[in-house]
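Okay, my_file.cif is below, mmCIF, C-alpha atoms:
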```cif
data_final
loop_
_atom_site.group_PDB
_atom_site.id
_atom_site.type_symbol
_atom_site.label_atom_id
_atom_site.label_comp_id
_atom_site.auth_asym_id
_atom_site.auth_seq_id
_atom_site.Cartn_x
_atom_site.Cartn_y
_atom_site.Cartn_z
ATOM 1 C CA MET A 1 124.670 110.187 66.304
ATOM 2 C CA THR A 2 124.419 113.371 68.374
ATOM 3 C CA PHE A 3 125.895 113.833 71.823
ATOM 4 C CA GLN A 4 123.871 115.535 74.516
ATOM 5 C CA ASN A 5 125.125 118.919 75.630
ATOM 6 C CA PRO A 6 126.206 118.441 79.266
ATOM 7 C CA ARG A 7 124.855 121.885 80.163
ATOM 8 C CA GLN A 8 121.377 120.436 79.646
ATOM 9 C CA SER A 9 121.884 117.626 82.150
ATOM 10 C CA SER A 10 124.318 118.842 84.801
ATOM 11 C CA ASN A 11 125.288 121.814 86.890
ATOM 12 C CA ILE A 12 128.480 122.472 84.935
ATOM 13 C CA HIS A 13 128.123 126.043 83.671
ATOM 14 C CA TYR A 14 129.904 127.485 80.649
ATOM 15 C CA SER A 15 129.002 129.292 77.459
ATOM 16 C CA ARG A 16 131.430 127.587 75.099
ATOM 17 C CA VAL A 17 133.802 124.627 75.064
ATOM 18 C CA ILE A 18 136.648 124.508 72.550
ATOM 19 C CA HIS A 19 139.089 121.785 71.515
ATOM 20 C CA LEU A 20 142.645 123.097 71.857
ATOM 21 C CA SER A 21 144.201 119.966 70.341
ATOM 22 C CA HIS A 22 145.090 119.384 66.714
ATOM 23 C CA LEU A 23 143.777 116.370 64.838
ATOM 24 C CA ILE A 24 146.330 113.564 64.908
ATOM 25 C CA ASP A 25 147.194 112.386 61.416
ATOM 26 C CA THR A 26 150.183 111.005 59.563
ATOM 27 C CA ASP A 27 151.225 114.346 58.053
ATOM 28 C CA ILE A 28 151.553 116.475 61.215
ATOM 29 C CA PRO A 29 154.803 118.397 61.852
ATOM 30 C CA GLN A 30 157.390 116.297 63.699
ATOM 31 C CA TRP A 31 160.788 117.009 65.201
ATOM 32 C CA THR A 32 163.625 115.404 63.231
ATOM 33 C CA GLY A 33 164.212 111.994 64.732
ATOM 34 C CA ASP A 34 160.742 111.619 66.226
ATOM 35 C CA PRO A 35 158.880 108.404 65.364
ATOM 36 C CA PRO A 36 156.320 108.769 62.588
ATOM 37 C CA VAL A 37 152.599 108.722 63.241
ATOM 38 C CA GLU A 38 151.256 105.399 62.006
ATOM 39 C CA PHE A 39 147.801 103.812 61.843
ATOM 40 C CA THR A 40 147.293 100.130 61.035
ATOM 41 C CA ASN A 41 143.944 98.420 60.572
ATOM 42 C CA VAL A 42 143.626 95.461 62.927
ATOM 43 C CA ALA A 43 139.997 94.540 62.310
ATOM 44 C CA GLU A 44 137.534 95.362 59.540
ATOM 45 C CA LEU A 45 133.740 95.491 59.743
ATOM 46 C CA GLU A 46 133.339 93.274 56.670
ATOM 47 C CA ASN A 47 135.637 90.519 57.903
ATOM 48 C CA ASP A 48 135.562 90.801 61.690
ATOM 49 C CA GLY A 49 132.266 92.444 62.537
ATOM 50 C CA TYR A 50 133.968 95.472 64.074
ATOM 51 C CA TYR A 51 136.520 98.136 63.126
ATOM 52 C CA LEU A 52 139.772 98.574 65.090
ATOM 53 C CA ARG A 53 143.099 100.273 64.438
ATOM 54 C CA ARG A 54 146.474 100.206 66.108
ATOM 55 C CA PHE A 55 148.277 103.554 66.298
ATOM 56 C CA SER A 56 151.822 104.610 67.051
ATOM 57 C CA LEU A 57 153.317 108.031 67.723
ATOM 58 C CA GLY A 58 155.907 109.675 69.936
ATOM 59 C CA GLU A 59 155.101 110.878 73.440
ATOM 60 C CA HIS A 60 155.847 114.456 72.331
ATOM 61 C CA SER A 61 153.892 114.360 69.076
ATOM 62 C CA ALA A 62 150.831 116.418 68.127
ATOM 63 C CA THR A 63 149.311 118.547 70.914
ATOM 64 C CA HIS A 64 151.107 117.193 73.973
ATOM 65 C CA ILE A 65 152.231 117.644 77.548
ATOM 66 C CA ASN A 66 155.880 117.326 78.591
ATOM 67 C CA ALA A 67 156.707 115.566 81.864
ATOM 68 C CA PRO A 68 159.655 116.424 84.168
ATOM 69 C CA ASN A 69 161.468 113.161 83.405
ATOM 70 C CA SER A 70 161.934 114.473 79.851
ATOM 71 C CA PHE A 71 164.982 116.323 81.109
ATOM 72 C CA SER A 72 165.789 114.909 84.546
ATOM 73 C CA ASP A 73 166.470 111.415 85.868
ATOM 74 C CA ASN A 74 164.731 112.465 89.078
ATOM 75 C CA GLY A 75 161.703 114.001 87.354
ATOM 76 C CA VAL A 76 158.269 112.438 87.645
ATOM 77 C CA SER A 77 156.659 110.699 84.682
ATOM 78 C CA VAL A 78 153.369 111.675 83.098
ATOM 79 C CA ASP A 79 151.429 108.886 84.844
ATOM 80 C CA LYS A 80 152.145 110.585 88.195
ATOM 81 C CA TYR A 81 150.098 113.706 87.397
ATOM 82 C CA SER A 82 147.074 113.914 89.672
ATOM 83 C CA ALA A 83 143.643 114.409 88.138
ATOM 84 C CA ALA A 84 143.225 117.679 90.051
ATOM 85 C CA SER A 85 146.438 119.113 88.575
ATOM 86 C CA LEU A 86 145.001 118.764 85.057
ATOM 87 C CA ILE A 87 142.007 121.064 85.590
ATOM 88 C CA LEU A 88 143.043 124.652 86.101
ATOM 89 C CA PRO A 89 142.362 128.295 85.210
ATOM 90 C CA ALA A 90 144.081 129.789 82.195
ATOM 91 C CA VAL A 91 144.826 133.138 80.589
ATOM 92 C CA VAL A 92 145.887 133.954 77.031
ATOM 93 C CA ILE A 93 148.569 136.475 76.097
ATOM 94 C CA ASN A 94 148.456 137.408 72.416
ATOM 95 C CA ILE A 95 151.792 138.178 70.723
ATOM 96 C CA CYS A 96 150.635 137.513 67.155
ATOM 97 C CA ARG A 97 151.481 141.058 66.052
ATOM 98 C CA GLN A 98 155.041 140.869 67.363
ATOM 99 C CA ALA A 99 155.617 137.341 66.046
ATOM 100 C CA ALA A 100 154.366 138.279 62.570
ATOM 101 C CA VAL A 101 157.180 140.832 62.361
ATOM 102 C CA ASN A 102 159.848 138.754 64.119
ATOM 103 C CA SER A 103 159.568 134.953 64.029
ATOM 104 C CA ASP A 104 162.194 134.755 66.802
ATOM 105 C CA TYR A 105 160.138 136.934 69.142
ATOM 106 C CA VAL A 106 159.933 135.855 72.784
ATOM 107 C CA LEU A 107 157.480 136.941 75.453
ATOM 108 C CA THR A 108 158.851 139.760 77.611
ATOM 109 C CA ILE A 109 158.031 140.997 81.094
ATOM 110 C CA GLY A 110 156.784 144.137 79.348
ATOM 111 C CA ASP A 111 154.267 142.054 77.399
ATOM 112 C CA ILE A 112 153.011 140.556 80.670
ATOM 113 C CA GLN A 113 152.706 143.992 82.261
ATOM 114 C CA THR A 114 150.819 145.322 79.233
ATOM 115 C CA TRP A 115 148.380 142.396 79.503
ATOM 116 C CA GLU A 116 147.946 142.938 83.238
ATOM 117 C CA ASN A 117 147.348 146.660 82.799
ATOM 118 C CA GLU A 118 144.300 145.744 80.712
ATOM 119 C CA PHE A 119 143.022 142.585 82.375
ATOM 120 C CA GLY A 120 144.423 142.573 85.913
ATOM 121 C CA GLU A 121 147.177 140.637 87.631
ATOM 122 C CA ILE A 122 147.547 136.981 86.649
ATOM 123 C CA SER A 123 146.165 134.849 89.492
ATOM 124 C CA PRO A 124 148.353 132.243 91.243
ATOM 125 C CA GLY A 125 147.771 128.745 89.914
ATOM 126 C CA SER A 126 146.968 129.917 86.382
ATOM 127 C CA LEU A 127 148.310 128.368 83.215
ATOM 128 C CA VAL A 128 149.608 131.062 80.859
ATOM 129 C CA ILE A 129 148.903 130.342 77.191
ATOM 130 C CA LEU A 130 150.964 132.198 74.605
ATOM 131 C CA TYR A 131 149.083 132.793 71.357
ATOM 132 C CA THR A 132 151.632 133.425 68.612
ATOM 133 C CA GLY A 133 149.564 132.737 65.475
ATOM 134 C CA TRP A 134 151.699 129.687 64.642
ATOM 135 C CA GLN A 135 148.635 127.436 64.783
ATOM 136 C CA GLU A 136 147.798 128.719 61.294
ATOM 137 C CA LYS A 137 151.078 127.262 59.963
ATOM 138 C CA TRP A 138 150.416 123.774 61.364
ATOM 139 C CA LEU A 139 150.267 121.779 58.123
ATOM 140 C CA ASN A 140 152.962 123.825 56.379
ATOM 141 C CA HIS A 141 155.990 122.098 57.879
ATOM 142 C CA GLN A 142 158.507 124.585 56.517
ATOM 143 C CA ALA A 143 156.586 127.579 57.853
ATOM 144 C CA PHE A 144 155.807 125.914 61.201
ATOM 145 C CA PHE A 145 159.436 125.192 62.034
ATOM 146 C CA GLY A 146 160.893 128.085 60.043
ATOM 147 C CA GLN A 147 164.064 126.150 59.302
ATOM 148 C CA ASP A 148 166.650 128.201 57.430
ATOM 149 C CA THR A 149 169.388 127.040 55.058
ATOM 150 C CA ALA A 150 171.750 126.522 58.003
ATOM 151 C CA GLY A 151 169.237 124.212 59.660
ATOM 152 C CA LYS A 152 168.292 126.634 62.440
ATOM 153 C CA MET A 153 164.624 126.931 63.354
ATOM 154 C CA HIS A 154 162.712 130.176 63.778
ATOM 155 C CA PHE A 155 159.495 130.319 65.797
ATOM 156 C CA PRO A 156 158.445 132.386 68.844
ATOM 157 C CA GLY A 157 158.376 131.311 72.467
ATOM 158 C CA PHE A 158 158.841 132.339 76.093
ATOM 159 C CA SER A 159 161.896 134.255 77.269
ATOM 160 C CA TYR A 160 163.792 133.117 80.358
ATOM 161 C CA GLN A 161 163.167 136.427 82.123
ATOM 162 C CA ALA A 162 159.423 136.416 81.486
ATOM 163 C CA THR A 163 159.076 132.761 82.500
ATOM 164 C CA GLU A 164 161.062 133.310 85.685
ATOM 165 C CA PHE A 165 158.869 136.330 86.474
ATOM 166 C CA LEU A 166 155.700 134.269 85.993
ATOM 167 C CA ILE A 167 157.038 131.475 88.201
ATOM 168 C CA LYS A 168 158.387 133.631 91.030
ATOM 169 C CA HIS A 169 155.985 136.559 91.084
ATOM 170 C CA ARG A 170 152.737 135.116 89.699
ATOM 171 C CA LYS A 171 153.103 131.536 91.010
ATOM 172 C CA ILE A 172 151.776 130.074 87.758
ATOM 173 C CA ALA A 173 150.868 126.400 87.317
ATOM 174 C CA GLY A 174 152.469 126.178 83.898
ATOM 175 C CA VAL A 175 152.451 127.422 80.320
ATOM 176 C CA GLY A 176 151.170 126.480 76.882
ATOM 177 C CA ILE A 177 151.827 127.601 73.325
ATOM 178 C CA ASP A 178 150.704 127.025 69.723
ATOM 179 C CA THR A 179 154.251 126.296 68.459
ATOM 180 C CA HIS A 180 156.212 123.054 68.751
ATOM 181 C CA GLY A 181 158.048 124.365 71.793
ATOM 182 C CA VAL A 182 157.721 126.774 74.686
ATOM 183 C CA ASP A 183 161.386 127.406 73.919
ATOM 184 C CA SER A 184 161.807 129.565 70.839
ATOM 185 C CA GLY A 185 163.248 127.941 67.739
ATOM 186 C CA GLN A 186 166.611 129.561 68.410
ATOM 187 C CA ASP A 187 166.931 127.873 71.830
ATOM 188 C CA THR A 188 168.304 124.385 71.252
ATOM 189 C CA SER A 189 168.976 123.737 74.956
ATOM 190 C CA PHE A 190 165.312 123.549 76.045
ATOM 191 C CA THR A 191 165.979 126.251 78.624
ATOM 192 C CA ILE A 192 162.323 127.121 79.256
ATOM 193 C CA ASN A 193 161.224 123.492 79.414
ATOM 194 C CA ARG A 194 163.923 122.790 81.989
ATOM 195 C CA LEU A 195 163.053 125.876 84.033
ATOM 196 C CA LEU A 196 159.403 124.818 84.249
ATOM 197 C CA LEU A 197 159.741 121.066 84.515
ATOM 198 C CA GLU A 198 162.367 121.101 87.267
ATOM 199 C CA ARG A 199 159.565 122.680 89.328
ATOM 200 C CA SER A 200 157.030 120.097 88.093
ATOM 201 C CA LEU A 201 154.978 122.765 86.301
ATOM 202 C CA ILE A 202 152.809 122.009 83.279
ATOM 203 C CA VAL A 203 154.130 122.444 79.729
ATOM 204 C CA LEU A 204 151.689 122.196 76.782
ATOM 205 C CA GLU A 205 152.845 122.491 73.175
ATOM 206 C CA ASN A 206 151.163 122.532 69.751
ATOM 207 C CA LEU A 207 147.890 124.006 71.000
ATOM 208 C CA THR A 208 145.340 125.285 68.485
ATOM 209 C CA ASN A 209 142.137 127.350 68.257
ATOM 210 C CA LEU A 210 143.642 129.957 70.549
ATOM 211 C CA ASP A 211 142.033 132.665 68.419
ATOM 212 C CA GLN A 212 138.663 131.519 69.793
ATOM 213 C CA LEU A 213 139.597 132.063 73.439
ATOM 214 C CA PRO A 214 139.030 135.143 75.595
ATOM 215 C CA PRO A 215 142.051 136.605 77.397
ATOM 216 C CA GLN A 216 140.958 135.271 80.799
ATOM 217 C CA ASP A 217 138.261 133.425 82.796
ATOM 218 C CA ILE A 218 139.063 130.120 81.067
ATOM 219 C CA THR A 219 138.924 126.666 82.642
ATOM 220 C CA LEU A 220 141.371 124.246 81.052
ATOM 221 C CA ILE A 221 140.893 120.468 81.077
ATOM 222 C CA ILE A 222 143.966 118.458 80.053
ATOM 223 C CA GLY A 223 143.360 114.847 79.091
ATOM 224 C CA ILE A 224 146.452 112.620 79.074
ATOM 225 C CA LEU A 225 147.361 109.032 78.333
ATOM 226 C CA ARG A 226 148.635 107.636 81.625
ATOM 227 C CA LEU A 227 151.719 106.039 80.107
ATOM 228 C CA ARG A 228 153.755 104.333 82.801
ATOM 229 C CA GLY A 229 157.137 106.058 82.933
ATOM 230 C CA GLY A 230 156.078 108.387 80.109
ATOM 231 C CA SER A 231 158.153 111.457 79.274
ATOM 232 C CA GLY A 232 154.963 113.114 78.097
ATOM 233 C CA SER A 233 151.727 112.310 76.338
ATOM 234 C CA PRO A 234 149.612 113.423 73.430
ATOM 235 C CA ALA A 235 146.937 115.549 75.105
ATOM 236 C CA ALA A 236 143.272 116.208 74.546
ATOM 237 C CA VAL A 237 142.994 119.768 75.831
ATOM 238 C CA MET A 238 139.637 121.525 76.149
ATOM 239 C CA ALA A 239 138.839 125.077 77.215
ATOM 240 C CA LEU A 240 135.579 126.032 78.917
ATOM 241 C CA PHE A 241 134.564 129.674 79.259
#
```
What is this file in C-alpha cells?
Amino acid sequence: MTFQNPRQSSNIHYSRVIHLSHLIDTDIPQWTGDPPVEFTNVAELENDGYYLRRFSLGEHSATHINAPNSFSDNGVSVDKYSAASLILPAVVINICRQAAVNSDYVLTIGDIQTWENEFGEISPGSLVILYTGWQEKWLNHQAFFGQDTAGKMHFPGFSYQATEFLIKHRKIAGVGIDTHGVDSGQDTSFTINRLLLERSLIVLENLTNLDQLPPQDITLIIGILRLRGGSGSPAAVMALF
C-alpha cells in the first residue's frame, strides 16, 4: 500500500517531512527502574480474522514529552496540552563537535550567540532542539547513557544559564534533545526539566534524525497520547521544512 503525498492534495507546503521519533521496540534504552517495553499478541489473523497486539511502556519511554506534573503536584498533565501548543516553529543548535570531545558538555550562552551570529536571533515561541550526536548511540545502551564504574552517567545537555537565557530573553516555547534527558547525565536533580516545566514549556527527549534538519525554518508537529493524568507520553514528532 502507498500513501498519497499530502502536498499533492492540499495547500500544506513543505519540501521534506522527517520523523524525529525512534522506533519503539523491546530493546530501546531505558532508565533504571522504568517499566519494560512489552508487546503481547491479542488476536491472530489465522485464528481471529484480524491481527491485534497489546503494548505496555512507561510514559517517559522512547521519544517522549515530559509534562509539568512530572515534578510538581500542581503541574498540568499531558492530556491538558492544547492542540495548538503542539505545532510550533523550531531551530536546531548543533553541538556534536563539542560533545564528541566532552560527553558532559552542556549548551552555553556562547553557543547560542554563535548560532545567532550566523542565522539570526531565535524567534519568540520557538522550540530549541539540541543536536548532540547521541542519536547514533541509541541502540548501544552503554554508550547512550555513558555510565561509568561508579554508576554516574555521562551525556550532554542544556546548561542552567543557557536555558534561563532562552526562557527570559528569547521567550522560547520549549526544548528538545537527542539524549535521554535535557539535563546532562551529571545532573541527577532534573534541574533543566524543572526550570522548563514549572513554566509549562515543552520538553522533548530521545529525538532522532536531527542530522537531516536545517538549522531553522522548521515546523514541528508533536503527536501525543492523551493519557488522563499522564506525566508525559511517548511522542510521534515530525518536522516539516
Task: Resolved residues for the PyMOL selection byres ((chain A and resi 14) around 7) as a VMD selection string - done: chain A and resid 12 to 13 15 to 16 240 to 241
Task: Proximity to Ser184 of chain A - best of A:Glu44, A:Asp27, A:Glu121, A:Glu205, only C-alpha atoms - done: A:Glu205
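Remark: for His64 of chain A, the closest of the candidate residues A:Val91, A:Ala162, A:Val106, A:Ile202 is A:Ile202 (distances computed over only C-alpha atoms).
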Open item on the list: Let me make sure I understand: among A:Gln186, A:Gln98, A:Ser200, A:Ser126, which one has the smallest atom-to-atom distance to Thr219 of chain A if we use all atoms listed in the file?
Closed with: A:Ser126
TODO: Starting from the displayed file, determine the output of the PyMOL selection byres ((chain A and resi 125) around 9) and express the residue list as an MDAnalysis selection string.
DONE: chainID A and resid 88:90 122:124 126:127 170:174
Around all listed atoms of segment 104-111 of chain A, padded 5 Å per side, what centre and edge lengths does the axis-aligned box have in Å to one decimal, as AutoDock Vina command-line options?
```
--center_x 158.2 --center_y 139.4 --center_z 73.9 --size_x 17.9 --size_y 19.4 --size_z 24.3
```
- [ ] I would like the residues chosen by the PyMOL selection byres ((chain A and resi 164) around 12) on the shown file; could you give them as JSON, numbers by chain?
- [x] {"A": [107, 108, 109, 112, 158, 159, 160, 161, 162, 163, 165, 166, 167, 168, 169, 170, 171, 172, 174, 175, 191, 192, 193, 194, 195, 196, 199]}
Please produce a file of those selected residues containing C-alpha atoms, as a PDB file, keeping the file's coordinate frame.
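Dumped to out_37.pdb:
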```
ATOM      1  CA  LEU A 107     157.480 136.941  75.453  1.00  0.00           C
ATOM      2  CA  THR A 108     158.851 139.760  77.611  1.00  0.00           C
ATOM      3  CA  ILE A 109     158.031 140.997  81.094  1.00  0.00           C
ATOM      4  CA  ILE A 112     153.011 140.556  80.670  1.00  0.00           C
ATOM      5  CA  PHE A 158     158.841 132.339  76.093  1.00  0.00           C
ATOM      6  CA  SER A 159     161.896 134.255  77.269  1.00  0.00           C
ATOM      7  CA  TYR A 160     163.792 133.117  80.358  1.00  0.00           C
ATOM      8  CA  GLN A 161     163.167 136.427  82.123  1.00  0.00           C
ATOM      9  CA  ALA A 162     159.423 136.416  81.486  1.00  0.00           C
ATOM     10  CA  THR A 163     159.076 132.761  82.500  1.00  0.00           C
ATOM     11  CA  PHE A 165     158.869 136.330  86.474  1.00  0.00           C
ATOM     12  CA  LEU A 166     155.700 134.269  85.993  1.00  0.00           C
ATOM     13  CA  ILE A 167     157.038 131.475  88.201  1.00  0.00           C
ATOM     14  CA  LYS A 168     158.387 133.631  91.030  1.00  0.00           C
ATOM     15  CA  HIS A 169     155.985 136.559  91.084  1.00  0.00           C
ATOM     16  CA  ARG A 170     152.737 135.116  89.699  1.00  0.00           C
ATOM     17  CA  LYS A 171     153.103 131.536  91.010  1.00  0.00           C
ATOM     18  CA  ILE A 172     151.776 130.074  87.758  1.00  0.00           C
ATOM     19  CA  GLY A 174     152.469 126.178  83.898  1.00  0.00           C
ATOM     20  CA  VAL A 175     152.451 127.422  80.320  1.00  0.00           C
ATOM     21  CA  THR A 191     165.979 126.251  78.624  1.00  0.00           C
ATOM     22  CA  ILE A 192     162.323 127.121  79.256  1.00  0.00           C
ATOM     23  CA  ASN A 193     161.224 123.492  79.414  1.00  0.00           C
ATOM     24  CA  ARG A 194     163.923 122.790  81.989  1.00  0.00           C
ATOM     25  CA  LEU A 195     163.053 125.876  84.033  1.00  0.00           C
ATOM     26  CA  LEU A 196     159.403 124.818  84.249  1.00  0.00           C
ATOM     27  CA  ARG A 199     159.565 122.680  89.328  1.00  0.00           C
TER      28      ARG A 199
END
```
Could you make a table, as CSV, of the residues of segment 60-164 of chain A that have an atom within 12 Å of an atom of segment 221-229 of chain A, each with its nearest atom pair and distance in Å to one decimal, counting all atoms listed in the file, in chain and number order?
```
residue,atom,partner,partner_atom,distance
A:His60,CA,A:Ile224,CA,11.7
A:Thr63,CA,A:Ile224,CA,10.5
A:His64,CA,A:Ile224,CA,8.3
A:Ile65,CA,A:Ile224,CA,7.8
A:Asn66,CA,A:Ile224,CA,10.5
A:Ala67,CA,A:Gly229,CA,9.6
A:Pro68,CA,A:Gly229,CA,10.7
A:Asn69,CA,A:Gly229,CA,8.3
A:Ser70,CA,A:Gly229,CA,10.2
A:Asp73,CA,A:Gly229,CA,11.2
A:Asn74,CA,A:Gly229,CA,11.7
A:Gly75,CA,A:Gly229,CA,10.2
A:Val76,CA,A:Gly229,CA,8.0
A:Ser77,CA,A:Gly229,CA,5.0
A:Val78,CA,A:Arg226,CA,6.4
A:Asp79,CA,A:Arg226,CA,4.4
A:Lys80,CA,A:Arg226,CA,8.0
A:Tyr81,CA,A:Arg226,CA,8.5
A:Ser82,CA,A:Arg226,CA,10.3
A:Ala83,CA,A:Ile222,CA,9.0
A:Ala84,CA,A:Ile221,CA,9.7
A:Ser85,CA,A:Ile222,CA,8.9
A:Leu86,CA,A:Ile222,CA,5.1
A:Ile87,CA,A:Ile221,CA,4.7
A:Leu88,CA,A:Ile221,CA,6.9
A:Pro89,CA,A:Ile221,CA,9.0
A:Ala90,CA,A:Ile221,CA,9.9
A:Leu127,CA,A:Ile221,CA,11.0
```
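Using only C-alpha atoms, the nearest neighbour of Leu207 of chain A within the list A:Gly33, A:Gly230, A:Gly151, A:Gly133 is A:Gly133.
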Open item on the list: I'd like to know which of A:Ala143, A:Ile93, A:Leu130, A:Leu45 is closest to Val182 of chain A, using only C-alpha atoms.
Closed with: A:Leu130
TODO: For each of A:Leu201, A:Thr208, A:Tyr51, A:Asp217, take the minimum atom-to-atom distance to Val237 of chain A, counting all atoms listed in the file, then give the residue where this is smallest.
DONE: A:Thr208
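Rounded to one decimal, atom CA of Asn209 of chain A and atom CA of Pro29 of chain A lie 16.8 Å from each other.
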Open item on the list: As an exercise, work out the distance from atom CA of Ala62 of chain A to atom CA of Asn206 of chain A in Å and give it to one decimal place.
Closed with: 6.3 Å
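Atom CA of Asp148 of chain A is found 25.2 Å from atom CA of Leu204 of chain A.
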- [ ] Identify, on the basis of only C-alpha atoms, every residue whose closest approach to Ala99 of chain A does not exceed 8 Å; exclude the query and any residue fewer than 5 positions from it along the same chain; express the result as a PyMOL selection string.
- [x] chain A and resi 104-105+132-133+156
Using all atoms listed in the file, which protein or nucleic acid residues come within 10 Å of Lys137 of chain A? Drop anything in the same chain fewer than 3 positions from it, and give the result as an mmCIF file with C-alpha atoms, in the coordinates of the input.
```
data_model
loop_
_atom_site.group_PDB
_atom_site.id
_atom_site.type_symbol
_atom_site.label_atom_id
_atom_site.label_comp_id
_atom_site.auth_asym_id
_atom_site.auth_seq_id
_atom_site.Cartn_x
_atom_site.Cartn_y
_atom_site.Cartn_z
ATOM 1 C CA PRO A 29 154.803 118.397 61.852
ATOM 2 C CA GLY A 133 149.564 132.737 65.475
ATOM 3 C CA TRP A 134 151.699 129.687 64.642
ATOM 4 C CA ASN A 140 152.962 123.825 56.379
ATOM 5 C CA HIS A 141 155.990 122.098 57.879
ATOM 6 C CA GLN A 142 158.507 124.585 56.517
ATOM 7 C CA ALA A 143 156.586 127.579 57.853
ATOM 8 C CA PHE A 144 155.807 125.914 61.201
ATOM 9 C CA PHE A 145 159.436 125.192 62.034
ATOM 10 C CA GLY A 146 160.893 128.085 60.043
ATOM 11 C CA ASP A 178 150.704 127.025 69.723
ATOM 12 C CA THR A 179 154.251 126.296 68.459
#
```
TODO: Identify, on the basis of all atoms listed in the file, every residue whose closest approach to Asp211 of chain A does not exceed 10 Å; exclude the query and any residue fewer than 3 positions from it along the same chain; express the result as an MDAnalysis selection string.
DONE: chainID A and resid 92 94 96 131:133 135:136 208 214:215
Could you add the missing atoms to segment 69-75 of chain A, up to all heavy atoms, and return them as a CSV table (one decimal), in the frame of the given file?
```csv
chain,number,residue,atom,x,y,z
A,69,ASN,N,160.4,114.1,83.7
A,69,ASN,CA,161.5,113.2,83.4
A,69,ASN,C,162.0,113.3,82.0
A,69,ASN,O,162.9,112.5,81.6
A,69,ASN,CB,161.0,111.7,83.7
A,69,ASN,CG,159.9,111.2,82.8
A,69,ASN,OD1,159.2,112.0,82.2
A,69,ASN,ND2,159.7,109.9,82.8
A,70,SER,N,161.4,114.2,81.2
A,70,SER,CA,161.9,114.5,79.9
A,70,SER,C,163.4,115.0,79.9
A,70,SER,O,164.2,114.7,79.0
A,70,SER,CB,161.1,115.6,79.2
A,70,SER,OG,159.8,115.2,79.0
A,71,PHE,N,163.7,115.7,81.0
A,71,PHE,CA,165.0,116.3,81.1
A,71,PHE,C,165.7,116.0,82.4
A,71,PHE,O,166.8,116.6,82.6
A,71,PHE,CB,164.8,117.8,81.0
A,71,PHE,CG,164.2,118.2,79.6
A,71,PHE,CD1,162.9,118.6,79.5
A,71,PHE,CD2,165.0,118.2,78.5
A,71,PHE,CE1,162.3,119.0,78.3
A,71,PHE,CE2,164.4,118.6,77.3
A,71,PHE,CZ,163.1,118.9,77.2
A,72,SER,N,165.2,115.2,83.3
A,72,SER,CA,165.8,114.9,84.5
A,72,SER,C,165.5,113.5,85.0
A,72,SER,O,164.4,113.0,84.9
A,72,SER,CB,165.3,115.8,85.6
A,72,SER,OG,165.7,115.5,86.9
A,73,ASP,N,166.6,112.8,85.4
A,73,ASP,CA,166.5,111.4,85.9
A,73,ASP,C,165.6,111.3,87.1
A,73,ASP,O,164.9,110.3,87.4
A,73,ASP,CB,167.8,110.8,86.2
A,73,ASP,CG,168.7,110.6,85.0
A,73,ASP,OD1,168.1,110.4,83.9
A,73,ASP,OD2,169.9,110.5,85.1
A,74,ASN,N,165.5,112.4,87.8
A,74,ASN,CA,164.7,112.5,89.1
A,74,ASN,C,163.3,113.0,88.9
A,74,ASN,O,162.5,113.1,89.8
A,74,ASN,CB,165.4,113.3,90.1
A,74,ASN,CG,166.8,112.8,90.5
A,74,ASN,OD1,167.0,111.5,90.6
A,74,ASN,ND2,167.8,113.6,90.7
A,75,GLY,N,163.0,113.4,87.6
A,75,GLY,CA,161.7,114.0,87.4
A,75,GLY,C,160.6,113.0,87.3
A,75,GLY,O,160.8,111.8,87.0
```
